[in-house]
file coords_7.csv (CSV, C-alpha atoms)
chain,number,residue,atom,x,y,z
T,36,MET,CA,-33.0,4.6,-8.9
T,37,PRO,CA,-31.6,4.0,-12.4
T,38,GLU,CA,-29.0,1.3,-12.8
T,39,LEU,CA,-25.6,2.7,-11.9
T,40,PRO,CA,-22.1,1.7,-13.0
T,41,GLU,CA,-20.5,-0.9,-10.7
T,42,PHE,CA,-18.3,0.3,-7.9
T,43,ASP,CA,-14.8,0.7,-9.3
T,44,PRO,CA,-12.1,0.4,-6.6
T,45,GLU,CA,-9.2,0.9,-9.0
T,46,LEU,CA,-7.5,4.3,-9.0
T,47,PRO,CA,-5.3,5.4,-12.0
T,48,SER,CA,-1.8,6.6,-11.1
T,49,PRO,CA,0.0,9.4,-13.0
T,50,TRP,CA,3.2,7.3,-12.7
T,51,GLY,CA,1.9,3.9,-13.8
T,52,PRO,CA,2.1,0.6,-11.9
T,53,PRO,CA,4.3,0.6,-8.7
T,54,PRO,CA,7.8,-0.7,-9.3
T,55,GLY,CA,7.9,-2.8,-6.1
T,56,ARG,CA,6.0,-4.8,-3.6
T,57,ALA,CA,6.3,-4.8,0.2
T,58,ASP,CA,4.6,-6.2,3.4
T,59,PHE,CA,2.5,-3.5,5.0
T,60,LYS,CA,1.3,-3.3,8.6
T,61,ARG,CA,2.7,-6.7,9.6
T,62,ARG,CA,2.5,-5.4,13.2
T,63,PRO,CA,1.0,-2.2,14.7
T,64,GLU,CA,4.5,-0.6,15.2
T,65,ASP,CA,5.0,-0.6,11.4
T,66,PHE,CA,2.5,2.2,11.1
T,67,HIS,CA,3.1,5.1,13.5
T,68,VAL,CA,1.0,8.3,13.2
T,69,VAL,CA,1.0,11.4,15.3
T,70,GLU,CA,-2.0,13.8,15.1
T,71,LEU,CA,-1.2,17.5,14.9
T,72,ILE,CA,-3.8,19.9,16.4
T,73,HIS,CA,-4.4,23.6,16.9
T,74,PRO,CA,-5.1,25.3,19.2
T,75,VAL,CA,-3.1,23.8,22.1
T,76,PRO,CA,-5.3,23.2,25.2
T,77,GLU,CA,-5.4,26.2,27.6
T,78,ASP,CA,-5.3,24.5,31.0
T,79,THR,CA,-8.7,25.8,32.0
T,80,GLY,CA,-12.3,25.0,31.2
T,81,GLU,CA,-15.0,22.3,31.3
T,82,HIS,CA,-13.3,19.9,28.9
T,83,LEU,CA,-10.3,17.7,29.7
T,84,TRP,CA,-8.2,17.1,26.6
T,85,LEU,CA,-6.1,13.9,26.6
T,86,ARG,CA,-3.2,13.1,24.3
T,87,VAL,CA,-3.1,9.3,24.1
T,88,ARG,CA,-1.0,6.6,22.5
T,89,LYS,CA,-3.2,3.8,21.3
T,90,ARG,CA,-2.1,0.4,19.9
T,91,GLY,CA,-4.3,-2.2,18.2
T,92,ILE,CA,-7.6,-0.4,18.8
T,93,ASN,CA,-9.4,2.1,16.6
T,94,THR,CA,-10.5,5.6,17.5
T,95,GLU,CA,-14.1,4.7,18.5
T,96,GLN,CA,-12.9,1.8,20.7
T,97,ALA,CA,-10.4,4.2,22.4
T,98,ALA,CA,-13.2,6.8,22.9
T,99,ARG,CA,-15.5,4.2,24.6
T,100,ARG,CA,-12.6,3.1,26.9
T,101,LEU,CA,-12.0,6.7,28.0
T,102,ALA,CA,-15.7,7.2,28.6
T,103,ARG,CA,-15.8,4.2,30.9
T,104,LEU,CA,-12.7,5.4,32.7
T,105,ALA,CA,-14.2,8.8,33.3
T,106,GLY,CA,-17.7,7.5,34.1
T,107,ILE,CA,-19.4,9.5,31.4
T,108,PRO,CA,-21.5,8.7,28.3
T,109,SER,CA,-19.6,8.1,25.1
T,110,ARG,CA,-21.4,11.2,23.5
T,111,ARG,CA,-19.3,13.4,25.9
T,112,VAL,CA,-16.1,12.2,24.4
T,113,ALA,CA,-14.9,13.9,21.2
T,114,HIS,CA,-12.0,13.5,18.8
T,115,ALA,CA,-10.7,15.4,15.7
T,116,GLY,CA,-9.9,12.5,13.4
T,117,LEU,CA,-10.1,8.7,12.9
T,118,LYS,CA,-7.0,6.5,13.3
T,119,ASP,CA,-6.6,2.9,12.2
T,120,ARG,CA,-6.7,-0.1,14.5
T,121,GLN,CA,-3.6,-1.7,13.2
T,122,ALA,CA,-1.3,1.1,14.1
T,123,VAL,CA,0.4,3.0,16.9
T,124,ALA,CA,-1.3,6.3,16.9
T,125,GLU,CA,-1.0,9.4,19.1
T,126,GLN,CA,-4.1,11.5,19.0
T,127,TRP,CA,-6.2,13.8,21.1
T,128,PHE,CA,-9.6,13.3,22.8
T,129,SER,CA,-11.7,15.7,24.8
T,130,LEU,CA,-13.9,14.6,27.7
T,131,HIS,CA,-16.7,16.9,29.0
T,132,LEU,CA,-16.0,16.9,32.7
T,133,PRO,CA,-17.4,20.2,34.2
T,134,GLY,CA,-16.3,20.5,37.8
T,135,ARG,CA,-14.8,17.1,37.8
T,136,PHE,CA,-11.2,18.2,38.4
T,137,ASP,CA,-10.7,15.2,40.8
T,138,ARG,CA,-10.6,12.9,37.8
T,139,ASP,CA,-7.8,14.8,35.9
T,140,ALA,CA,-4.9,13.3,37.8
T,141,GLU,CA,-6.4,9.8,37.7
T,142,LEU,CA,-7.0,9.9,34.0
T,143,ALA,CA,-3.5,11.4,33.3
T,144,ARG,CA,-1.9,8.4,35.0
T,145,HIS,CA,-3.8,5.8,33.0
T,146,ALA,CA,-1.4,3.4,31.1
T,147,GLU,CA,-2.1,0.1,29.5
T,148,PRO,CA,-0.6,-1.6,26.3
T,149,ALA,CA,-3.6,-0.6,24.2
T,150,LEU,CA,-4.2,2.9,25.6
T,151,GLU,CA,-1.7,5.2,27.4
T,152,VAL,CA,-2.4,8.8,28.4
T,153,LEU,CA,0.6,11.0,27.5
T,154,GLU,CA,-0.7,14.4,28.4
T,155,ALA,CA,-3.8,15.9,30.1
T,156,ARG,CA,-4.8,19.5,29.9
T,157,ARG,CA,-8.0,21.5,30.3
T,158,HIS,CA,-9.8,23.6,27.6
T,159,THR,CA,-12.8,25.8,27.4
T,160,ARG,CA,-14.1,24.0,24.2
T,161,ARG,CA,-14.9,20.6,22.9
T,162,LEU,CA,-12.4,19.1,20.4
T,163,ARG,CA,-13.7,19.3,16.9
T,164,PRO,CA,-12.4,18.1,13.5
T,165,GLY,CA,-11.4,21.7,12.5
T,166,ALA,CA,-8.7,21.5,15.2
T,167,LEU,CA,-6.8,18.9,13.1
T,168,ARG,CA,-3.9,20.4,11.2
T,169,GLY,CA,-2.4,17.3,9.8
T,170,ASN,CA,-0.7,13.9,10.6
T,171,ARG,CA,2.9,13.0,10.8
T,172,PHE,CA,3.7,9.4,9.8
T,173,ARG,CA,6.6,7.0,10.2
T,174,ILE,CA,6.0,3.7,8.3
T,175,ARG,CA,8.1,0.6,7.8
T,176,LEU,CA,7.6,-1.2,4.5
T,177,ARG,CA,9.0,-4.7,5.1
T,178,GLU,CA,10.8,-7.0,2.7
T,179,VAL,CA,10.6,-4.7,-0.3
T,180,ARG,CA,10.7,-6.9,-3.5
T,181,ARG,CA,11.6,-6.3,-7.1
T,182,ASP,CA,13.3,-3.0,-7.0
T,183,PRO,CA,13.7,-1.2,-3.6
T,184,GLN,CA,15.8,1.6,-5.1
T,185,ALA,CA,13.1,2.3,-7.7
T,186,VAL,CA,10.5,2.4,-4.9
T,187,ALA,CA,12.5,4.9,-3.0
T,188,GLU,CA,13.1,7.0,-6.1
T,189,ARG,CA,9.4,6.9,-6.9
T,190,LEU,CA,8.5,8.0,-3.4
T,191,HIS,CA,10.9,11.0,-3.7
T,192,ARG,CA,9.4,12.0,-7.0
T,193,ILE,CA,5.9,11.9,-5.7
T,194,ALA,CA,6.8,13.8,-2.5
T,195,THR,CA,8.2,16.5,-4.7
T,196,GLN,CA,5.1,16.7,-7.0
T,197,GLY,CA,2.3,15.8,-4.7
T,198,PHE,CA,-0.1,12.9,-5.4
T,199,PRO,CA,-3.8,12.5,-6.5
T,200,ASN,CA,-5.8,13.1,-3.3
T,201,TYR,CA,-8.0,10.0,-3.6
T,202,PHE,CA,-10.1,8.8,-0.7
T,203,GLY,CA,-8.7,5.5,0.4
T,204,PRO,CA,-10.6,2.2,0.5
T,205,GLN,CA,-11.0,2.5,4.2
T,206,ARG,CA,-13.7,5.1,3.5
T,207,PHE,CA,-15.9,2.5,1.8
T,208,GLY,CA,-15.9,-0.3,4.4
T,209,HIS,CA,-15.4,-4.0,4.1
T,210,GLU,CA,-15.9,-5.2,0.5
T,211,TYR,CA,-17.1,-1.6,-0.3
T,212,ARG,CA,-20.4,-2.2,1.6
T,213,ASN,CA,-20.7,1.4,2.6
T,214,TRP,CA,-21.4,2.3,-1.0
T,215,GLU,CA,-24.1,-0.3,-1.4
T,216,ASP,CA,-25.6,0.6,2.0
T,217,GLY,CA,-25.5,4.3,1.0
T,218,LEU,CA,-27.5,3.6,-2.1
T,219,ARG,CA,-30.1,1.8,0.0
T,220,LEU,CA,-30.2,4.9,2.2
T,221,LEU,CA,-31.0,7.0,-0.8
T,222,ARG,CA,-33.7,4.6,-1.9
T,223,GLY,CA,-35.3,4.7,1.6
T,224,GLU,CA,-34.5,1.0,2.3
T,225,SER,CA,-32.3,1.4,5.3
T,226,GLY,CA,-34.8,1.5,8.1
T,227,ARG,CA,-33.7,3.2,11.2
T,228,ILE,CA,-29.9,3.8,11.5
T,229,ASP,CA,-28.0,6.0,14.0
T,230,ARG,CA,-26.6,9.4,13.1
T,231,HIS,CA,-23.0,8.1,13.0
T,232,ARG,CA,-23.8,5.3,10.5
T,233,ARG,CA,-25.8,7.6,8.4
T,234,GLY,CA,-22.9,10.0,8.2
T,235,LEU,CA,-20.5,7.2,7.2
T,236,LEU,CA,-22.8,6.2,4.3
T,237,ILE,CA,-23.3,9.7,3.0
T,238,SER,CA,-19.5,10.2,3.1
T,239,ALA,CA,-18.9,7.0,1.2
T,240,LEU,CA,-21.3,8.1,-1.6
T,241,ARG,CA,-19.7,11.6,-1.9
T,242,SER,CA,-16.1,10.1,-1.7
T,243,HIS,CA,-16.7,7.7,-4.5
T,244,LEU,CA,-18.1,10.4,-6.8
T,245,PHE,CA,-15.1,12.6,-6.0
T,246,ASN,CA,-12.8,9.7,-6.8
T,247,ARG,CA,-14.4,9.2,-10.2
T,248,VAL,CA,-13.8,12.9,-11.1
T,249,LEU,CA,-10.2,12.7,-9.9
T,250,ALA,CA,-9.6,9.4,-11.7
T,251,ALA,CA,-10.9,11.0,-15.0
T,252,ARG,CA,-8.6,14.0,-14.6
T,253,VAL,CA,-5.6,11.7,-13.8
T,254,ARG,CA,-6.3,9.7,-17.0
T,255,ASP,CA,-6.5,13.0,-19.0
T,256,GLY,CA,-3.3,14.4,-17.4
T,257,ILE,CA,-5.1,17.4,-15.8
T,258,TRP,CA,-5.3,16.4,-12.1
T,259,ASN,CA,-2.6,19.0,-11.2
T,260,ARG,CA,-3.4,21.5,-13.9
T,261,CYS,CA,-6.0,24.2,-14.3
T,262,LEU,CA,-9.3,24.0,-16.3
T,263,ALA,CA,-11.0,27.3,-17.0
T,264,GLY,CA,-13.6,27.8,-14.3
T,265,ASP,CA,-11.9,25.6,-11.8
T,266,LEU,CA,-12.4,26.3,-8.1
T,267,MET,CA,-8.9,26.5,-6.8
T,268,GLN,CA,-8.0,25.9,-3.2
T,269,LEU,CA,-5.2,27.6,-1.3
T,270,ASP,CA,-2.7,25.1,0.1
T,271,GLY,CA,-3.5,24.0,3.6
T,272,ARG,CA,-6.8,26.0,3.7
T,273,SER,CA,-10.4,25.5,2.8
T,274,ALA,CA,-10.7,28.9,1.0
T,275,CYS,CA,-11.4,28.7,-2.8
T,276,PHE,CA,-11.4,31.1,-5.7
T,277,THR,CA,-12.6,30.7,-9.3
T,278,ALA,CA,-9.9,30.5,-12.0
T,279,GLU,CA,-11.8,32.3,-14.7
T,280,VAL,CA,-8.7,32.1,-17.0
T,281,CYS,CA,-5.8,29.6,-16.6
T,282,ASP,CA,-3.0,32.1,-17.3
T,283,ALA,CA,0.8,31.7,-16.8
T,284,THR,CA,0.7,33.3,-13.3
T,285,LEU,CA,-1.9,30.7,-12.2
T,286,GLU,CA,0.1,27.8,-13.7
T,287,GLU,CA,3.2,29.0,-11.9
T,288,ARG,CA,1.4,29.1,-8.5
T,289,LEU,CA,0.1,25.6,-9.3
T,290,ALA,CA,3.7,24.4,-10.1
T,291,ARG,CA,4.9,25.8,-6.8
T,292,GLY,CA,2.2,24.0,-4.8
T,293,GLU,CA,0.6,27.3,-3.5
T,294,ILE,CA,-2.8,26.3,-4.9
T,295,HIS,CA,-4.6,23.1,-6.1
T,296,PRO,CA,-7.6,22.4,-8.3
T,297,THR,CA,-10.6,21.0,-6.5
T,298,GLY,CA,-13.2,18.3,-7.1
T,299,PRO,CA,-16.8,17.9,-6.0
T,300,LEU,CA,-18.2,16.5,-2.8
T,301,PRO,CA,-21.8,16.5,-4.2
T,302,GLY,CA,-24.8,17.9,-2.4
T,303,ARG,CA,-26.9,21.0,-2.5
T,304,LEU,CA,-24.8,23.5,-4.4
T,305,ALA,CA,-23.3,26.3,-2.4
T,306,ARG,CA,-20.5,27.2,-4.8
T,307,ALA,CA,-19.7,25.4,-8.1
T,308,PRO,CA,-17.0,25.6,-10.8
T,309,ARG,CA,-17.8,27.4,-14.1
T,310,GLY,CA,-17.2,27.0,-17.8
T,311,ALA,CA,-15.0,24.1,-18.9
T,312,ALA,CA,-14.5,22.7,-15.4
T,313,ALA,CA,-18.2,22.6,-14.7
T,314,GLN,CA,-18.9,20.9,-18.0
T,315,TYR,CA,-16.2,18.3,-17.3
T,316,GLU,CA,-17.6,17.4,-13.9
T,317,ARG,CA,-21.2,17.2,-15.2
T,318,GLU,CA,-20.0,14.7,-17.9
T,319,VAL,CA,-18.1,12.5,-15.5
T,320,LEU,CA,-20.9,12.4,-12.9
T,321,ASP,CA,-23.8,12.0,-15.4
T,322,PRO,CA,-24.0,8.2,-14.9
T,323,PHE,CA,-24.4,9.0,-11.2
T,324,ALA,CA,-27.0,11.7,-11.6
T,325,SER,CA,-29.5,9.8,-9.4
T,326,VAL,CA,-27.0,9.7,-6.5
T,327,VAL,CA,-26.3,13.4,-6.8
T,328,GLU,CA,-30.0,14.1,-6.7
T,329,GLY,CA,-30.5,11.8,-3.8
T,330,LEU,CA,-27.8,13.6,-1.8
T,331,GLU,CA,-29.5,16.9,-2.6
T,332,ARG,CA,-32.8,15.6,-1.4
T,333,LEU,CA,-31.2,14.6,1.9
T,334,GLY,CA,-30.1,18.2,2.4
T,335,VAL,CA,-26.4,17.4,2.3
T,336,GLU,CA,-24.4,20.6,1.7
T,337,SER,CA,-21.9,20.3,-1.2
T,338,GLY,CA,-18.2,20.8,-0.6
T,339,ARG,CA,-14.9,20.9,-2.4
T,340,ARG,CA,-11.7,18.9,-1.9
T,341,ALA,CA,-8.2,19.5,-3.3
T,342,LEU,CA,-7.4,17.1,-6.2
T,343,ARG,CA,-3.7,17.2,-5.3
T,344,ALA,CA,-2.2,16.2,-1.9
T,345,PRO,CA,1.1,17.8,-1.0
T,346,VAL,CA,3.8,15.8,1.0
T,347,HIS,CA,5.9,17.6,3.6
T,348,GLU,CA,9.0,16.6,5.7
T,349,PHE,CA,9.6,13.6,3.5
T,350,SER,CA,12.5,11.1,4.2
T,351,VAL,CA,13.2,7.5,3.3
T,352,GLY,CA,15.8,5.1,4.7
T,353,HIS,CA,17.0,1.6,3.9
T,354,GLU,CA,17.4,-1.0,6.6
T,355,ASP,CA,17.9,-4.8,6.2
T,356,GLY,CA,15.7,-5.0,3.1
T,357,ASP,CA,13.0,-2.7,4.6
T,358,LEU,CA,12.2,0.9,3.8
T,359,GLU,CA,11.3,3.3,6.6
T,360,VAL,CA,9.3,6.3,5.2
T,361,ALA,CA,8.6,9.5,7.2
T,362,PHE,CA,6.3,12.3,6.0
T,363,ARG,CA,3.6,14.7,7.0
T,364,LEU,CA,0.2,15.1,5.3
T,365,LEU,CA,-2.6,17.6,5.5
T,366,PRO,CA,-5.9,16.4,7.1
T,367,GLY,CA,-8.0,14.1,5.0
T,368,SER,CA,-5.1,12.8,2.8
T,369,TYR,CA,-4.4,9.1,3.0
T,370,ALA,CA,-0.9,7.8,3.7
T,371,THR,CA,-1.9,4.4,2.1
T,372,VAL,CA,-2.7,6.2,-1.2
T,373,PHE,CA,0.7,8.0,-1.2
T,374,LEU,CA,2.6,4.7,-0.6
T,375,ALA,CA,0.6,2.7,-3.1
T,376,MET,CA,1.7,5.0,-5.9
T,377,ALA,CA,5.2,3.6,-5.4
T,378,VAL,CA,4.8,0.1,-3.9
T,379,GLU,CA,2.2,-2.6,-4.0
T,380,LEU,CA,1.1,-3.1,-0.4
T,381,THR,CA,0.5,-6.6,0.8
T,382,GLY,CA,-0.2,-7.9,4.3
T,383,PRO,CA,-2.8,-9.1,6.8
T,384,VAL,CA,-4.8,-5.9,7.1
T,385,PRO,CA,-6.9,-5.0,4.0
T,386,PRO,CA,-8.1,-3.0,2.3
T,387,HIS,CA,-5.2,-1.6,0.4
T,388,PRO,CA,-5.6,0.9,-2.5
T,389,VAL,CA,-5.8,-0.7,-6.0
T,390,LEU,CA,-3.5,1.4,-8.3
T,391,ARG,CA,-3.1,1.0,-12.0
call {"tool": "encode", "arguments": {"input": "coords_7.csv", "output": "structure tokens"}}
result
Amino acid sequence: MPELPEFDPELPSPWGPPPGRADFKRRPEDFHVVELIHPVPEDTGEHLWLRVRKRGINTEQAARRLARLAGIPSRRVAHAGLKDRQAVAEQWFSLHLPGRFDRDAELARHAEPALEVLEARRHTRRLRPGALRGNRFRIRLREVRRDPQAVAERLHRIATQGFPNYFGPQRFGHEYRNWEDGLRLLRGESGRIDRHRRGLLISALRSHLFNRVLAARVRDGIWNRCLAGDLMQLDGRSACFTAEVCDATLEERLARGEIHPTGPLPGRLARAPRGAAAQYEREVLDPFASVVEGLERLGVESGRRALRAPVHEFSVGHEDGDLEVAFRLLPGSYATVFLAMAVELTGPVPPHPVLR
């Protein structure tokens, strides 16, 4: 594999450096997230869906605990999304328990500081990522320094406009090792790794390439604008259409947040932009051509991701030098990226986005 540019963790911001600094995730209660799913369980079927509140453990740890409680292998526990360890998170899991209705009441009563079951209902299907409709956050930023009012105003501004939909540093692992391990996977140097780990490494490679395209468009001031040939995504949906011409009607829909330009998740091409947008992406990704080719050889299907992340139900309040921020994001958008556009995040739980 040819020599590649060094991994670049810095993410350019359309608004420049953040005007303040604050402690982040000093304790799990500072980061509260509620998972929003659809459809709601049906009260019948082979799968027991549990809505749980977890504290101080990550999603995989919670899944293993539920498997032990139910007396089933971990592979029979499913979830729609991943939630941080250093947080209080409400999320859904499904347990495949055909004919095991005797366990429903027992599991529904389970309560401990790290894992409490809030609701138990039956469903005919296993929980899948497609059921996730978004996440609602309530986050406390402690001891905001420099200019708390400027931070609040910046957050309001970003919530109105949306923000660059970067993948956060969590995607790349400790010291960005998932990127390096992903390159070893492409070179055939990984040996035997399980399916879950393989998926994480492929995701890290694709995520970094997406971030490079988005970073270039932010620097050029076109992250929330249309390029001729762009694949545009309808807000809150995966459906895309090609913008052959960026006319006034299209720009108005962009300004209203009805549609968003997309960037690449490289792999075997199923659908690609055209014209100026296609040329732009080729030029940005040219230094990573060997990575794109490696993903294609692995049979990874290409995808698209919105370049802009909308913010819904936003509010911010002041309390004793802290800011409490509440908002809702669509699946896949990072709360830490949104916050880091307005405030430098410090604290005991890295990694934090590096904005410039």
call {"tool": "residues_around", "arguments": {"input": "coords_7.csv", "residues": "stretch 111-117 of chain T", "least_positions_apart": "3", "cutoff": "10 Å", "atoms": "all atoms listed in the file", "output": "PDB file with C-alpha atoms, in the frame of the given file"}}
result
ATOM      1  CA  GLU T  70      -2.000  13.800  15.100  1.00  0.00           C
ATOM      2  CA  LEU T  71      -1.200  17.500  14.900  1.00  0.00           C
ATOM      3  CA  ILE T  72      -3.800  19.900  16.400  1.00  0.00           C
ATOM      4  CA  HIS T  82     -13.300  19.900  28.900  1.00  0.00           C
ATOM      5  CA  LEU T  83     -10.300  17.700  29.700  1.00  0.00           C
ATOM      6  CA  TRP T  84      -8.200  17.100  26.600  1.00  0.00           C
ATOM      7  CA  LEU T  85      -6.100  13.900  26.600  1.00  0.00           C
ATOM      8  CA  ASN T  93      -9.400   2.100  16.600  1.00  0.00           C
ATOM      9  CA  THR T  94     -10.500   5.600  17.500  1.00  0.00           C
ATOM     10  CA  GLU T  95     -14.100   4.700  18.500  1.00  0.00           C
ATOM     11  CA  ALA T  98     -13.200   6.800  22.900  1.00  0.00           C
ATOM     12  CA  ARG T  99     -15.500   4.200  24.600  1.00  0.00           C
ATOM     13  CA  LEU T 101     -12.000   6.700  28.000  1.00  0.00           C
ATOM     14  CA  ALA T 102     -15.700   7.200  28.600  1.00  0.00           C
ATOM     15  CA  ALA T 105     -14.200   8.800  33.300  1.00  0.00           C
ATOM     16  CA  ILE T 107     -19.400   9.500  31.400  1.00  0.00           C
ATOM     17  CA  PRO T 108     -21.500   8.700  28.300  1.00  0.00           C
ATOM     18  CA  ARG T 120      -6.700  -0.100  14.500  1.00  0.00           C
ATOM     19  CA  ALA T 124      -1.300   6.300  16.900  1.00  0.00           C
ATOM     20  CA  GLN T 126      -4.100  11.500  19.000  1.00  0.00           C
ATOM     21  CA  TRP T 127      -6.200  13.800  21.100  1.00  0.00           C
ATOM     22  CA  PHE T 128      -9.600  13.300  22.800  1.00  0.00           C
ATOM     23  CA  SER T 129     -11.700  15.700  24.800  1.00  0.00           C
ATOM     24  CA  LEU T 130     -13.900  14.600  27.700  1.00  0.00           C
ATOM     25  CA  HIS T 131     -16.700  16.900  29.000  1.00  0.00           C
ATOM     26  CA  LEU T 132     -16.000  16.900  32.700  1.00  0.00           C
ATOM     27  CA  ARG T 161     -14.900  20.600  22.900  1.00  0.00           C
ATOM     28  CA  LEU T 162     -12.400  19.100  20.400  1.00  0.00           C
ATOM     29  CA  ARG T 163     -13.700  19.300  16.900  1.00  0.00           C
ATOM     30  CA  PRO T 164     -12.400  18.100  13.500  1.00  0.00           C
ATOM     31  CA  GLY T 165     -11.400  21.700  12.500  1.00  0.00           C
ATOM     32  CA  ALA T 166      -8.700  21.500  15.200  1.00  0.00           C
ATOM     33  CA  LEU T 167      -6.800  18.900  13.100  1.00  0.00           C
ATOM     34  CA  ARG T 168      -3.900  20.400  11.200  1.00  0.00           C
ATOM     35  CA  GLY T 169      -2.400  17.300   9.800  1.00  0.00           C
ATOM     36  CA  ASN T 170      -0.700  13.900  10.600  1.00  0.00           C
ATOM     37  CA  PRO T 366      -5.900  16.400   7.100  1.00  0.00           C
ATOM     38  CA  GLY T 367      -8.000  14.100   5.000  1.00  0.00           C
TER      39      GLY T 367
END
call {"tool": "atom_distance", "arguments": {"input": "coords_7.csv", "atom1": "atom CA of T:Arg88", "atom2": "atom CA of T:Ile174"}}
result
16.1 Å
call {"tool": "atom_distance", "arguments": {"input": "coords_7.csv", "atom1": "atom CA of T:Gln121", "atom2": "atom CA of T:Lys89"}}
result
9.8 Å
call {"tool": "residues_around", "arguments": {"input": "coords_7.csv", "residues": "stretch 292-302 of chain T", "least_positions_apart": "2", "cutoff": "8 Å", "atoms": "all atoms listed in the file", "output": "number ranges by chain"}}
result
T: 241-242, 244-245, 248-249, 258-261, 265-270, 288-290, 304, 316, 327-328, 330-331, 334-343, 345
call {"tool": "atom_distance", "arguments": {"input": "coords_7.csv", "atom1": "atom CA of T:Pro53", "atom2": "atom CA of T:Ala375"}}
result
7.0 Å
call {"tool": "closest_residue", "arguments": {"input": "coords_7.csv", "among": "T:Ala250, T:Val389, T:Val360, T:Ala57", "to": "T:Asn200", "atoms": "only C-alpha atoms"}}
result
T:Ala250
call {"tool": "residues_near_point", "arguments": {"input": "coords_7.csv", "point": "(10.5, -5.8, -8.2)", "cutoff": "9 Å", "atoms": "all atoms listed in the file", "output": "compact mmCIF listing (two decimals) with C-alpha atoms, keeping the file's coordinate frame"}}
result
# COMPACT_ATOMS: atom_id res chain seq x y z
CA PRO T 53 4.30 0.60 -8.70
CA PRO T 54 7.80 -0.70 -9.30
CA GLY T 55 7.90 -2.80 -6.10
CA ARG T 56 6.00 -4.80 -3.60
CA VAL T 179 10.60 -4.70 -0.30
CA ARG T 180 10.70 -6.90 -3.50
CA ARG T 181 11.60 -6.30 -7.10
CA ASP T 182 13.30 -3.00 -7.00
CA PRO T 183 13.70 -1.20 -3.60
CA ALA T 185 13.10 2.30 -7.70
CA VAL T 186 10.50 2.40 -4.90
call {"tool": "residues_around", "arguments": {"input": "coords_7.csv", "residues": "T:Glu141", "least_positions_apart": "2", "cutoff": "12 Å", "atoms": "all atoms listed in the file", "output": "list in words"}}
result
Leu83, Leu85, Leu101, Leu104, Ala105, Arg135, Phe136, Asp137, Arg138, Asp139, Ala143, Arg144, His145, Ala146, Val152, Glu154 and Ala155 of chain T
call {"tool": "residues_around", "arguments": {"input": "coords_7.csv", "residues": "T:Ala311", "least_positions_apart": "3", "cutoff": "7 Å", "atoms": "only C-alpha atoms", "output": "VMD selection string"}}
result
chain T and resid 262 to 264 314 to 315
call {"tool": "residues_near_point", "arguments": {"input": "coords_7.csv", "point": "(-1.5, 1.3, 2.5)", "cutoff": "6 Å", "atoms": "all atoms listed in the file", "output": "NGL selection string"}}
result
:T and (371 or 380 or 387)
call {"tool": "write_last_selection", "arguments": {"input": "coords_7.csv", "atoms": "C-alpha atoms", "output": "PDB file, in the coordinates of the input"}}
result
ATOM      1  CA  THR T 371      -1.900   4.400   2.100  1.00  0.00           C
ATOM      2  CA  LEU T 380       1.100  -3.100  -0.400  1.00  0.00           C
ATOM      3  CA  HIS T 387      -5.200  -1.600   0.400  1.00  0.00           C
TER       4      HIS T 387
END
call {"tool": "closest_residue", "arguments": {"input": "coords_7.csv", "among": "T:Ser225, T:Asn246, T:Ser238, T:Gln196", "to": "T:Ala344", "atoms": "only C-alpha atoms"}}
result
T:Gln196
call {"tool": "closest_residue", "arguments": {"input": "coords_7.csv", "among": "T:Leu333, T:Glu178, T:Ser368, T:Ala313", "to": "T:Arg233", "atoms": "all atoms listed in the file"}}
result
T:Leu333
call {"tool": "closest_residue", "arguments": {"input": "coords_7.csv", "among": "T:Arg391, T:Arg62, T:Arg157, T:Arg222", "to": "T:Trp50", "atoms": "only C-alpha atoms"}}
result
T:Arg391
call {"tool": "decode", "arguments": {"input": "coords_7.csv", "residues": "stretch 331-339 of chain T", "atoms": "N, CA and C atoms", "output": "PDB file, in the first residue's frame"}}
result
ATOM      1  N   GLU T 331     -13.060  -1.655  -1.664  1.00  0.00           N
ATOM      2  CA  GLU T 331     -13.780  -2.291  -2.776  1.00  0.00           C
ATOM      3  C   GLU T 331     -13.425  -3.774  -2.872  1.00  0.00           C
ATOM      4  N   ARG T 332     -12.139  -4.094  -2.678  1.00  0.00           N
ATOM      5  CA  ARG T 332     -11.725  -5.510  -2.741  1.00  0.00           C
ATOM      6  C   ARG T 332     -12.388  -6.329  -1.637  1.00  0.00           C
ATOM      7  N   LEU T 333     -12.628  -5.716  -0.485  1.00  0.00           N
ATOM      8  CA  LEU T 333     -13.285  -6.421   0.615  1.00  0.00           C
ATOM      9  C   LEU T 333     -14.775  -6.617   0.361  1.00  0.00           C
ATOM     10  N   GLY T 334     -15.293  -5.999  -0.687  1.00  0.00           N
ATOM     11  CA  GLY T 334     -16.709  -6.152  -1.006  1.00  0.00           C
ATOM     12  C   GLY T 334     -17.622  -5.235  -0.226  1.00  0.00           C
ATOM     13  N   VAL T 335     -17.062  -4.182   0.377  1.00  0.00           N
ATOM     14  CA  VAL T 335     -17.870  -3.245   1.151  1.00  0.00           C
ATOM     15  C   VAL T 335     -18.734  -2.417   0.198  1.00  0.00           C
ATOM     16  N   GLU T 336     -20.011  -2.307   0.492  1.00  0.00           N
ATOM     17  CA  GLU T 336     -20.911  -1.507  -0.336  1.00  0.00           C
ATOM     18  C   GLU T 336     -20.760  -0.030   0.039  1.00  0.00           C
ATOM     19  N   SER T 337     -20.693   0.821  -0.962  1.00  0.00           N
ATOM     20  CA  SER T 337     -20.576   2.249  -0.699  1.00  0.00           C
ATOM     21  C   SER T 337     -21.884   2.794  -0.137  1.00  0.00           C
ATOM     22  N   GLY T 338     -21.790   3.952   0.503  1.00  0.00           N
ATOM     23  CA  GLY T 338     -22.970   4.611   1.049  1.00  0.00           C
ATOM     24  C   GLY T 338     -22.776   6.111   1.021  1.00  0.00           C
ATOM     25  N   ARG T 339     -23.798   6.825   1.438  1.00  0.00           N
ATOM     26  CA  ARG T 339     -23.752   8.274   1.509  1.00  0.00           C
ATOM     27  C   ARG T 339     -24.211   8.709   2.904  1.00  0.00           C
TER      28      ARG T 339
END
